[in-house]
$ cat work_32.txt   # compact mmCIF, C-alpha atoms
# COMPACT_ATOMS: atom_id res chain seq x y z
CA GLY A 1 15.70 -13.62 8.21
CA GLU A 2 11.96 -13.87 7.87
CA LYS A 3 10.52 -15.76 4.92
CA ALA A 4 8.55 -13.81 2.35
CA GLY A 5 4.80 -14.23 2.32
CA LEU A 6 2.70 -14.75 -0.79
CA ILE A 7 -0.46 -13.09 -2.09
CA PRO A 8 -1.07 -14.91 -5.38
CA THR A 9 -2.08 -13.14 -8.59
CA ARG A 10 -3.03 -14.25 -12.09
CA ALA A 11 0.47 -13.45 -13.32
CA TRP A 12 2.08 -15.37 -10.44
CA LYS A 13 0.09 -18.52 -11.15
CA ARG A 14 0.75 -18.32 -14.87
CA ASN A 15 4.50 -17.87 -14.34
CA VAL A 16 4.97 -20.30 -11.44
CA LYS A 17 2.30 -22.96 -11.98
CA GLY A 18 1.93 -22.62 -15.74
CA THR A 19 -1.88 -22.61 -15.55
CA LYS A 20 -4.69 -20.07 -15.68
CA TRP A 21 -6.30 -18.50 -12.65
CA GLN A 22 -9.69 -20.04 -11.79
CA GLN A 23 -12.67 -18.13 -10.40
CA GLY A 24 -12.80 -20.41 -7.36
CA GLU A 25 -9.27 -19.37 -6.45
CA THR A 26 -10.45 -15.79 -6.02
CA LEU A 27 -12.93 -17.00 -3.41
CA LEU A 28 -10.24 -19.05 -1.66
CA ALA A 29 -7.84 -16.10 -1.60
CA GLY A 30 -10.59 -13.92 -0.16
CA ILE A 31 -10.77 -16.10 2.96
CA GLY A 32 -7.03 -16.63 3.28
CA GLN A 33 -6.84 -20.07 1.70
CA GLY A 34 -5.38 -21.40 -1.53
CA PHE A 35 -1.81 -20.32 -2.30
CA ILE A 36 -1.64 -17.58 0.34
CA LEU A 37 1.36 -17.76 2.68
CA ALA A 38 2.09 -15.60 5.74
CA THR A 39 4.33 -15.73 8.79
CA PRO A 40 3.01 -15.04 12.31
CA LEU A 41 4.79 -11.67 12.30
CA GLN A 42 3.21 -10.71 8.97
CA MET A 43 -0.23 -11.51 10.36
CA ALA A 44 0.41 -9.40 13.46
CA VAL A 45 1.52 -6.53 11.20
CA MET A 46 -1.66 -6.97 9.15
CA ILE A 47 -3.78 -6.57 12.28
CA SER A 48 -1.83 -3.52 13.45
CA ARG A 49 -2.37 -1.84 10.08
CA LEU A 50 -6.08 -2.61 10.10
CA VAL A 51 -6.75 -1.18 13.55
CA ASN A 52 -4.47 1.86 13.24
CA GLY A 53 -6.44 3.57 10.51
CA GLY A 54 -4.79 1.79 7.60
CA ARG A 55 -1.33 3.12 8.31
CA LEU A 56 1.73 1.33 6.95
CA VAL A 57 3.01 0.10 10.31
CA VAL A 58 6.51 -1.39 10.12
CA PRO A 59 7.63 -3.57 13.05
CA SER A 60 10.92 -3.23 14.88
CA MET A 61 12.50 -5.61 17.37
CA THR A 62 14.01 -4.78 20.75
CA ARG A 63 15.86 -7.32 22.84
CA THR A 64 15.88 -5.32 26.08
CA VAL A 65 15.64 -1.78 27.46
CA VAL A 66 18.35 -0.98 29.99
CA PRO A 67 18.11 2.01 32.38
CA PHE A 68 21.08 4.40 32.24
CA ALA A 69 22.75 5.52 35.48
CA GLY A 70 19.82 4.36 37.55
CA LYS A 71 17.33 6.44 35.57
CA PRO A 72 14.23 4.92 33.95
CA PRO A 73 14.56 4.35 30.20
CA GLU A 74 13.43 7.14 27.89
CA TYR A 75 11.27 5.93 25.03
CA THR A 76 11.45 7.67 21.69
CA THR A 77 8.35 9.01 19.99
CA PRO A 78 6.76 6.37 17.74
CA PRO A 79 7.40 6.99 14.03
CA SER A 80 4.70 8.46 11.83
CA PHE A 81 3.59 5.81 9.34
CA LYS A 82 2.17 6.58 5.90
CA ASN A 83 -1.50 6.07 5.17
CA MET A 84 -2.16 3.08 2.88
CA GLY A 85 -5.19 4.73 1.29
CA VAL A 86 -7.77 2.16 2.41
CA HIS A 87 -11.24 3.67 2.77
CA ALA A 88 -12.18 4.30 6.39
CA SER A 89 -15.57 2.60 6.01
CA HIS A 90 -13.88 -0.62 4.89
CA LEU A 91 -11.50 -0.56 7.83
CA GLY A 92 -14.38 0.17 10.18
CA LEU A 93 -16.39 -2.79 8.95
CA VAL A 94 -13.48 -5.19 9.45
CA ARG A 95 -12.72 -3.79 12.87
CA LYS A 96 -16.34 -4.08 14.02
CA ALA A 97 -16.41 -7.66 12.78
CA MET A 98 -13.30 -8.47 14.81
CA VAL A 99 -14.94 -6.98 17.89
CA ALA A 100 -17.99 -9.16 17.31
CA VAL A 101 -15.93 -12.34 16.83
CA ILE A 102 -14.88 -12.06 20.46
CA ASN A 103 -17.61 -10.12 22.23
CA SER A 104 -20.84 -11.19 20.53
CA PRO A 105 -22.55 -14.37 21.78
CA PHE A 106 -22.64 -15.37 18.10
CA GLY A 107 -18.87 -14.91 17.67
CA THR A 108 -16.62 -17.90 17.05
CA ALA A 109 -14.33 -16.96 19.97
CA TYR A 110 -16.95 -15.71 22.44
CA LYS A 111 -15.88 -18.27 25.05
CA ALA A 112 -12.32 -16.90 24.91
CA ARG A 113 -13.34 -13.27 25.46
CA ILE A 114 -11.88 -10.95 28.08
CA LYS A 115 -14.70 -10.33 30.55
CA GLU A 116 -13.39 -7.09 32.05
CA PRO A 117 -14.92 -4.33 29.83
CA GLU A 118 -11.94 -2.00 30.16
CA PHE A 119 -9.67 -4.68 28.67
CA PHE A 120 -11.86 -5.96 25.81
CA MET A 121 -10.06 -7.28 22.73
CA GLY A 122 -10.97 -7.89 19.09
CA GLY A 123 -9.72 -10.59 16.75
CA LYS A 124 -10.28 -13.36 14.24
CA THR A 125 -10.04 -17.12 14.58
CA GLY A 126 -8.62 -19.35 11.88
CA THR A 127 -7.81 -22.93 10.98
CA VAL A 128 -4.85 -24.02 8.83
CA GLN A 129 -5.42 -27.30 7.02
CA VAL A 130 -2.26 -29.43 6.84
CA ARG A 131 -3.46 -32.47 4.91
CA ARG A 132 -5.29 -33.15 1.68
CA ILE A 133 -8.89 -34.34 2.04
CA SER A 134 -9.83 -36.83 -0.66
CA GLU A 135 -13.15 -36.87 -2.50
CA THR A 136 -13.88 -40.25 -0.94
CA GLU A 137 -13.48 -38.83 2.57
CA ARG A 138 -15.66 -35.84 1.73
CA GLU A 139 -18.41 -38.16 0.54
CA SER A 140 -18.20 -40.43 3.57
CA GLY A 141 -17.63 -37.64 6.09
CA VAL A 142 -14.52 -35.59 6.89
CA LEU A 143 -12.65 -36.93 9.91
CA LYS A 144 -12.49 -34.71 12.99
CA ASN A 145 -9.14 -33.57 14.39
CA LYS A 146 -9.44 -35.85 17.41
CA GLU A 147 -9.79 -38.82 15.06
CA LEU A 148 -6.51 -38.02 13.28
CA ALA A 149 -2.87 -38.57 14.14
CA TRP A 150 -1.36 -35.48 15.77
CA ARG A 151 0.72 -34.52 12.70
CA GLU A 152 -2.38 -34.56 10.49
CA ARG A 153 -4.46 -32.25 12.69
CA ASP A 154 -5.16 -28.66 11.66
CA HIS A 155 -3.06 -25.79 13.00
CA ALA A 156 -4.99 -23.42 15.28
CA LEU A 157 -4.75 -19.71 14.45
CA PHE A 158 -5.82 -16.47 16.10
CA VAL A 159 -4.96 -12.84 15.40
CA GLY A 160 -6.15 -10.01 17.61
CA TYR A 161 -5.63 -6.61 19.19
CA ALA A 162 -6.36 -4.61 22.33
CA PRO A 163 -7.64 -2.35 23.71
CA LEU A 164 -10.58 -1.63 21.44
CA GLU A 165 -10.79 2.15 21.23
CA ILE A 166 -7.10 3.06 20.95
CA PRO A 167 -5.26 -0.17 20.06
CA LYS A 168 -1.75 -0.60 21.46
CA TYR A 169 -1.11 -4.33 21.09
CA ALA A 170 -1.43 -6.69 18.12
CA ILE A 171 -0.95 -10.43 18.44
CA SER A 172 -0.71 -13.52 16.28
CA VAL A 173 -0.89 -17.00 17.81
CA ILE A 174 -0.37 -20.29 16.00
CA VAL A 175 -0.64 -23.61 17.83
CA GLU A 176 0.77 -26.32 15.59
CA HIS A 177 -1.74 -29.15 15.15
CA GLY A 178 -3.87 -27.48 17.82
CA GLY A 179 -7.13 -27.95 15.92
CA SER A 180 -9.58 -25.12 16.52
CA GLY A 181 -8.40 -21.52 16.58
CA ALA A 182 -11.31 -20.57 18.84
CA SER A 183 -10.67 -23.19 21.51
CA THR A 184 -6.87 -23.45 21.36
CA ALA A 185 -5.20 -20.31 20.00
CA ALA A 186 -7.69 -17.63 21.11
CA PRO A 187 -7.37 -18.40 24.85
CA VAL A 188 -3.58 -18.02 24.57
CA ALA A 189 -3.98 -14.61 22.93
CA ARG A 190 -6.56 -13.60 25.53
CA ASP A 191 -4.25 -14.40 28.44
CA ILE A 192 -1.35 -12.49 26.86
CA LEU A 193 -3.39 -9.40 25.92
CA LEU A 194 -5.09 -9.29 29.31
CA GLU A 195 -1.80 -9.50 31.19
CA LEU A 196 -0.21 -6.86 28.93
CA GLN A 197 -3.02 -4.42 29.61
CA LYS A 198 -3.05 -5.06 33.34
CA ARG A 199 0.67 -4.31 33.50
CA ASP A 200 0.30 -1.17 31.38
CA PRO A 201 -0.28 1.82 33.71
CA ASN A 202 -1.94 3.74 30.85
CA SER A 203 -4.31 0.98 29.78
CA GLY A 204 -7.84 0.10 30.79
CA SER A 205 -9.72 3.20 29.58
CA GLY A 206 -11.91 3.88 26.59
CA ALA A 207 -12.87 0.32 25.71
CA MET A 208 -16.57 0.66 26.50
CA GLN A 209 -17.27 3.23 23.77
CA GLU A 210 -16.48 0.94 20.85
CA ARG A 211 -18.41 -1.89 22.50
CA ARG A 212 -21.51 0.31 22.52
CA GLU A 213 -20.94 1.30 18.89
CA VAL A 214 -21.03 -2.28 17.64
CA ARG A 215 -24.20 -3.05 19.68
CA LEU A 216 -23.16 -6.20 21.44
CA GLU A 217 -26.47 -6.83 23.21
CA PRO A 218 -27.61 -10.45 23.75
CA GLU A 219 -30.02 -10.14 20.82
CA PHE A 220 -27.16 -9.16 18.48
CA GLN A 221 -27.66 -10.77 15.06
CA ALA A 222 -24.78 -11.36 12.64
CA LYS A 223 -26.88 -10.69 9.53
CA GLN A 224 -28.16 -7.41 10.93
CA PHE A 225 -24.60 -6.41 11.82
CA LEU A 226 -23.40 -6.99 8.27
CA ARG A 227 -26.32 -5.01 6.80
CA GLU A 228 -25.58 -2.07 9.07
CA GLY A 229 -21.87 -2.13 8.16
$ encode --input "work_32.txt" --output "structure tokens"
Amino acid sequence: GEKAGLIPTRAWKRNVKGTKWQQGETLLAGIGQGFILATPLQMAVMISRLVNGGRLVVPSMTRTVVPFAGKPPEYTTPPSFKNMGVHASHLGLVRKAMVAVINSPFGTAYKARIKEPEFFMGGKTGTVQVRRISETERESGVLKNKELAWRERDHALFVGYAPLEIPKYAISVIVEHGGSGASTAAPVARDILLELQKRDPNSGSGAMQERREVRLEPEFQAKQFLREG
């Protein structure tokens, strides 16, 4: 089965590590670093919960759908998931930020965006450090991924969703030792989400409205965006 993830707490560190929680660890946890652990599926579930109004989405797995007696398969109505109680304004801010990551010229994954407006996606890039950086290296200059052996290079990470207005697809991509999430993992997610939407007969509508709401003009400024959130 799937491994359990980990969101560390003061009690967890005291019981497992035998030491007190440090203030800096709160900052690290806030950006997904430190002791946090998550599987690709857990990250995809996280995105689906964020963009579906904070509902407690639970994934299910299907190997194949087989037509019966030559008839097309009948899909059951999706289950109704409980609301997690996260304030709508908080969810909206995160969702707008994920739209900007991809579609704003200032976004980290702008080069990996979907250019067809009806298929726009949102998401977040990430980098997973796999080696310890010594104080000596930090003082002399941290080595770039291309200067390292393959097994010492960072993992590339991207999580995303599409379409923007009424999300139907959530995705999590990890490229082991791929380096940058923006240049390595995001293009993979883009190709998958674009193809999914093109094959979906009910997709391709409603994406422009949210793009207008987050004001993705060329003069878009990240600081102004955060103030308005």
$ residues_around --input "work_32.txt" --residues "A:Leu157" --least-positions-apart "4" --cutoff "8 Å" --atoms "all atoms listed in the file" --output "PDB file with C-alpha atoms, in the coordinates of the input"
ATOM      1  CA  THR A 125     -10.040 -17.120  14.580  1.00  0.00           C
ATOM      2  CA  GLY A 126      -8.620 -19.350  11.880  1.00  0.00           C
ATOM      3  CA  THR A 127      -7.810 -22.930  10.980  1.00  0.00           C
ATOM      4  CA  VAL A 128      -4.850 -24.020   8.830  1.00  0.00           C
ATOM      5  CA  SER A 172      -0.710 -13.520  16.280  1.00  0.00           C
ATOM      6  CA  VAL A 173      -0.890 -17.000  17.810  1.00  0.00           C
ATOM      7  CA  ILE A 174      -0.370 -20.290  16.000  1.00  0.00           C
ATOM      8  CA  VAL A 175      -0.640 -23.610  17.830  1.00  0.00           C
ATOM      9  CA  SER A 180      -9.580 -25.120  16.520  1.00  0.00           C
ATOM     10  CA  GLY A 181      -8.400 -21.520  16.580  1.00  0.00           C
ATOM     11  CA  ALA A 182     -11.310 -20.570  18.840  1.00  0.00           C
ATOM     12  CA  ALA A 185      -5.200 -20.310  20.000  1.00  0.00           C
ATOM     13  CA  ALA A 186      -7.690 -17.630  21.110  1.00  0.00           C
TER      14      ALA A 186
END
$ closest_residue --input "work_32.txt" --among "A:Ala149, A:Gly160, A:Lys198, A:Ser104" --to "A:Met46" --atoms "all atoms listed in the file"
A:Gly160
$ closest_residue --input "work_32.txt" --among "A:Leu193, A:Ile7, A:Val66, A:Ile166" --to "A:Ile31" --atoms "all atoms listed in the file"
A:Ile7
$ atom_distance --input "work_32.txt" --atom1 "atom CA of A:Met98" --atom2 "atom CA of A:Met121"
8.6 Å
$ closest_residue --input "work_32.txt" --among "A:Trp150, A:Phe35, A:Trp21, A:Phe81" --to "A:Arg49" --atoms "only C-alpha atoms"
A:Phe81
$ residues_around --input "work_32.txt" --residues "A:Asp154" --least-positions-apart "4" --cutoff "7 Å" --atoms "only C-alpha atoms" --output "tab-separated table (two decimals) with C-alpha atoms, in the coordinates of the input"
chain	number	residue	atom	x	y	z
A	127	THR	CA	-7.81	-22.93	10.98
A	128	VAL	CA	-4.85	-24.02	8.83
A	129	GLN	CA	-5.42	-27.30	7.02
A	130	VAL	CA	-2.26	-29.43	6.84
A	145	ASN	CA	-9.14	-33.57	14.39
A	177	HIS	CA	-1.74	-29.15	15.15
A	178	GLY	CA	-3.87	-27.48	17.82
A	179	GLY	CA	-7.13	-27.95	15.92
$ residues_near_point --input "work_32.txt" --point "(-2.0, -13.1, 25.0)" --cutoff "10 Å" --atoms "all atoms listed in the file" --output "VMD selection string"
chain A and resid 160 to 162 169 to 173 185 to 197
$ closest_residue --input "work_32.txt" --among "A:Ser60, A:Thr184, A:Asn83, A:Thr19" --to "A:Leu41" --atoms "only C-alpha atoms"
A:Ser60
$ residues_near_point --input "work_32.txt" --point "(0.8, -9.7, 4.8)" --cutoff "8 Å" --atoms "only C-alpha atoms" --output "tab-separated table (two decimals) with C-alpha atoms, in the coordinates of the input"
chain	number	residue	atom	x	y	z
A	5	GLY	CA	4.80	-14.23	2.32
A	6	LEU	CA	2.70	-14.75	-0.79
A	7	ILE	CA	-0.46	-13.09	-2.09
A	38	ALA	CA	2.09	-15.60	5.74
A	42	GLN	CA	3.21	-10.71	8.97
A	43	MET	CA	-0.23	-11.51	10.36
A	45	VAL	CA	1.52	-6.53	11.20
A	46	MET	CA	-1.66	-6.97	9.15
$ atom_distance --input "work_32.txt" --atom1 "atom CA of A:Ala88" --atom2 "atom CA of A:Ala44"
19.9 Å
$ residues_around --input "work_32.txt" --residues "A:Tyr110" --least-positions-apart "5" --cutoff "9 Å" --atoms "only C-alpha atoms" --output "PDB file with C-alpha atoms, in the coordinates of the input"
ATOM      1  CA  ALA A 100     -17.990  -9.160  17.310  1.00  0.00           C
ATOM      2  CA  VAL A 101     -15.930 -12.340  16.830  1.00  0.00           C
ATOM      3  CA  ILE A 102     -14.880 -12.060  20.460  1.00  0.00           C
ATOM      4  CA  ASN A 103     -17.610 -10.120  22.230  1.00  0.00           C
ATOM      5  CA  SER A 104     -20.840 -11.190  20.530  1.00  0.00           C
ATOM      6  CA  PRO A 105     -22.550 -14.370  21.780  1.00  0.00           C
ATOM      7  CA  ALA A 182     -11.310 -20.570  18.840  1.00  0.00           C
TER       8      ALA A 182
END
$ atom_distance --input "work_32.txt" --atom1 "atom CA of A:Ala109" --atom2 "atom CA of A:Val159"
11.2 Å
$ closest_residue --input "work_32.txt" --among "A:Val57, A:Glu176, A:Pro79, A:Asn52" --to "A:Leu91" --atoms "only C-alpha atoms"
A:Asn52
$ closest_residue --input "work_32.txt" --among "A:Pro167, A:Gly92, A:Gly107, A:Gly141" --to "A:Ser48" --atoms "all atoms listed in the file"
A:Pro167
$ build_atoms --input "work_32.txt" --residues "stretch 3-14 of chain A" --atoms "all heavy atoms" --output "PDB file, keeping the file's coordinate frame"
ATOM      1  N   LYS A   3      10.905 -15.336   6.258  1.00  0.00           N
ATOM      2  CA  LYS A   3      10.520 -15.760   4.920  1.00  0.00           C
ATOM      3  C   LYS A   3       9.496 -14.798   4.338  1.00  0.00           C
ATOM      4  O   LYS A   3       8.710 -14.194   5.059  1.00  0.00           O
ATOM      5  CB  LYS A   3       9.930 -17.173   4.964  1.00  0.00           C
ATOM      6  CG  LYS A   3      10.936 -18.264   5.273  1.00  0.00           C
ATOM      7  CD  LYS A   3      10.294 -19.633   5.161  1.00  0.00           C
ATOM      8  CE  LYS A   3      11.317 -20.735   5.403  1.00  0.00           C
ATOM      9  NZ  LYS A   3      10.702 -22.085   5.292  1.00  0.00           N
ATOM     10  N   ALA A   4       9.517 -14.674   3.024  1.00  0.00           N
ATOM     11  CA  ALA A   4       8.550 -13.810   2.350  1.00  0.00           C
ATOM     12  C   ALA A   4       7.186 -14.494   2.319  1.00  0.00           C
ATOM     13  O   ALA A   4       7.090 -15.715   2.200  1.00  0.00           O
ATOM     14  CB  ALA A   4       9.012 -13.516   0.934  1.00  0.00           C
ATOM     15  N   GLY A   5       6.138 -13.696   2.453  1.00  0.00           N
ATOM     16  CA  GLY A   5       4.800 -14.230   2.320  1.00  0.00           C
ATOM     17  C   GLY A   5       4.405 -14.295   0.845  1.00  0.00           C
ATOM     18  O   GLY A   5       5.218 -14.018  -0.044  1.00  0.00           O
ATOM     19  N   LEU A   6       3.162 -14.655   0.589  1.00  0.00           N
ATOM     20  CA  LEU A   6       2.700 -14.750  -0.790  1.00  0.00           C
ATOM     21  C   LEU A   6       1.223 -14.393  -0.882  1.00  0.00           C
ATOM     22  O   LEU A   6       0.385 -15.001  -0.212  1.00  0.00           O
ATOM     23  CB  LEU A   6       2.907 -16.167  -1.339  1.00  0.00           C
ATOM     24  CG  LEU A   6       2.294 -16.445  -2.722  1.00  0.00           C
ATOM     25  CD1 LEU A   6       2.952 -15.567  -3.784  1.00  0.00           C
ATOM     26  CD2 LEU A   6       2.423 -17.920  -3.085  1.00  0.00           C
ATOM     27  N   ILE A   7       0.913 -13.392  -1.693  1.00  0.00           N
ATOM     28  CA  ILE A   7      -0.460 -13.090  -2.090  1.00  0.00           C
ATOM     29  C   ILE A   7      -0.525 -13.376  -3.581  1.00  0.00           C
ATOM     30  O   ILE A   7       0.008 -12.618  -4.396  1.00  0.00           O
ATOM     31  CB  ILE A   7      -0.834 -11.620  -1.803  1.00  0.00           C
ATOM     32  CG1 ILE A   7      -0.678 -11.314  -0.313  1.00  0.00           C
ATOM     33  CG2 ILE A   7      -2.260 -11.344  -2.265  1.00  0.00           C
ATOM     34  CD1 ILE A   7      -1.589 -12.134   0.590  1.00  0.00           C
ATOM     35  N   PRO A   8      -1.124 -14.487  -3.983  1.00  0.00           N
ATOM     36  CA  PRO A   8      -1.070 -14.910  -5.380  1.00  0.00           C
ATOM     37  C   PRO A   8      -1.863 -14.000  -6.311  1.00  0.00           C
ATOM     38  O   PRO A   8      -2.862 -13.395  -5.920  1.00  0.00           O
ATOM     39  CB  PRO A   8      -1.693 -16.315  -5.334  1.00  0.00           C
ATOM     40  CG  PRO A   8      -2.608 -16.270  -4.154  1.00  0.00           C
ATOM     41  CD  PRO A   8      -1.917 -15.393  -3.143  1.00  0.00           C
ATOM     42  N   THR A   9      -1.398 -13.899  -7.546  1.00  0.00           N
ATOM     43  CA  THR A   9      -2.080 -13.140  -8.590  1.00  0.00           C
ATOM     44  C   THR A   9      -2.189 -14.016  -9.836  1.00  0.00           C
ATOM     45  O   THR A   9      -1.604 -15.102  -9.908  1.00  0.00           O
ATOM     46  CB  THR A   9      -1.289 -11.869  -8.949  1.00  0.00           C
ATOM     47  OG1 THR A   9      -0.003 -12.260  -9.482  1.00  0.00           O
ATOM     48  CG2 THR A   9      -1.079 -10.987  -7.726  1.00  0.00           C
ATOM     49  N   ARG A  10      -2.917 -13.521 -10.830  1.00  0.00           N
ATOM     50  CA  ARG A  10      -3.030 -14.250 -12.090  1.00  0.00           C
ATOM     51  C   ARG A  10      -1.658 -14.448 -12.735  1.00  0.00           C
ATOM     52  O   ARG A  10      -1.336 -15.529 -13.232  1.00  0.00           O
ATOM     53  CB  ARG A  10      -3.965 -13.504 -13.039  1.00  0.00           C
ATOM     54  CG  ARG A  10      -5.403 -13.388 -12.542  1.00  0.00           C
ATOM     55  CD  ARG A  10      -6.251 -12.558 -13.493  1.00  0.00           C
ATOM     56  NE  ARG A  10      -7.580 -12.342 -12.955  1.00  0.00           N
ATOM     57  CZ  ARG A  10      -8.600 -13.183 -13.117  1.00  0.00           C
ATOM     58  NH1 ARG A  10      -8.424 -14.287 -13.816  1.00  0.00           N
ATOM     59  NH2 ARG A  10      -9.776 -12.916 -12.590  1.00  0.00           N
ATOM     60  N   ALA A  11      -0.860 -13.374 -12.711  1.00  0.00           N
ATOM     61  CA  ALA A  11       0.470 -13.450 -13.320  1.00  0.00           C
ATOM     62  C   ALA A  11       1.355 -14.439 -12.577  1.00  0.00           C
ATOM     63  O   ALA A  11       2.113 -15.202 -13.192  1.00  0.00           O
ATOM     64  CB  ALA A  11       1.109 -12.062 -13.335  1.00  0.00           C
ATOM     65  N   TRP A  12       1.266 -14.433 -11.231  1.00  0.00           N
ATOM     66  CA  TRP A  12       2.080 -15.370 -10.440  1.00  0.00           C
ATOM     67  C   TRP A  12       1.746 -16.808 -10.795  1.00  0.00           C
ATOM     68  O   TRP A  12       2.639 -17.632 -11.011  1.00  0.00           O
ATOM     69  CB  TRP A  12       1.843 -15.127  -8.953  1.00  0.00           C
ATOM     70  CG  TRP A  12       2.497 -16.173  -8.089  1.00  0.00           C
ATOM     71  CD1 TRP A  12       3.780 -16.173  -7.623  1.00  0.00           C
ATOM     72  CD2 TRP A  12       1.896 -17.396  -7.622  1.00  0.00           C
ATOM     73  NE1 TRP A  12       4.022 -17.323  -6.894  1.00  0.00           N
ATOM     74  CE2 TRP A  12       2.890 -18.086  -6.880  1.00  0.00           C
ATOM     75  CE3 TRP A  12       0.637 -17.964  -7.759  1.00  0.00           C
ATOM     76  CZ2 TRP A  12       2.641 -19.316  -6.279  1.00  0.00           C
ATOM     77  CZ3 TRP A  12       0.387 -19.191  -7.167  1.00  0.00           C
ATOM     78  CH2 TRP A  12       1.385 -19.858  -6.432  1.00  0.00           C
ATOM     79  N   LYS A  13       0.462 -17.138 -10.867  1.00  0.00           N
ATOM     80  CA  LYS A  13       0.090 -18.520 -11.150  1.00  0.00           C
ATOM     81  C   LYS A  13       0.499 -18.937 -12.560  1.00  0.00           C
ATOM     82  O   LYS A  13       0.949 -20.063 -12.790  1.00  0.00           O
ATOM     83  CB  LYS A  13      -1.416 -18.728 -10.965  1.00  0.00           C
ATOM     84  CG  LYS A  13      -1.782 -20.213 -11.013  1.00  0.00           C
ATOM     85  CD  LYS A  13      -3.255 -20.472 -10.880  1.00  0.00           C
ATOM     86  CE  LYS A  13      -3.498 -21.980 -10.938  1.00  0.00           C
ATOM     87  NZ  LYS A  13      -4.930 -22.306 -11.014  1.00  0.00           N
ATOM     88  N   ARG A  14       0.357 -18.010 -13.498  1.00  0.00           N
ATOM     89  CA  ARG A  14       0.750 -18.320 -14.870  1.00  0.00           C
ATOM     90  C   ARG A  14       2.248 -18.562 -14.971  1.00  0.00           C
ATOM     91  O   ARG A  14       2.699 -19.496 -15.643  1.00  0.00           O
ATOM     92  CB  ARG A  14       0.334 -17.169 -15.793  1.00  0.00           C
ATOM     93  CG  ARG A  14       0.627 -17.423 -17.269  1.00  0.00           C
ATOM     94  CD  ARG A  14       0.059 -16.331 -18.149  1.00  0.00           C
ATOM     95  NE  ARG A  14       0.576 -15.015 -17.792  1.00  0.00           N
ATOM     96  CZ  ARG A  14      -0.132 -14.074 -17.191  1.00  0.00           C
ATOM     97  NH1 ARG A  14      -1.395 -14.301 -16.865  1.00  0.00           N
ATOM     98  NH2 ARG A  14       0.410 -12.899 -16.902  1.00  0.00           N
TER      99      ARG A  14
END
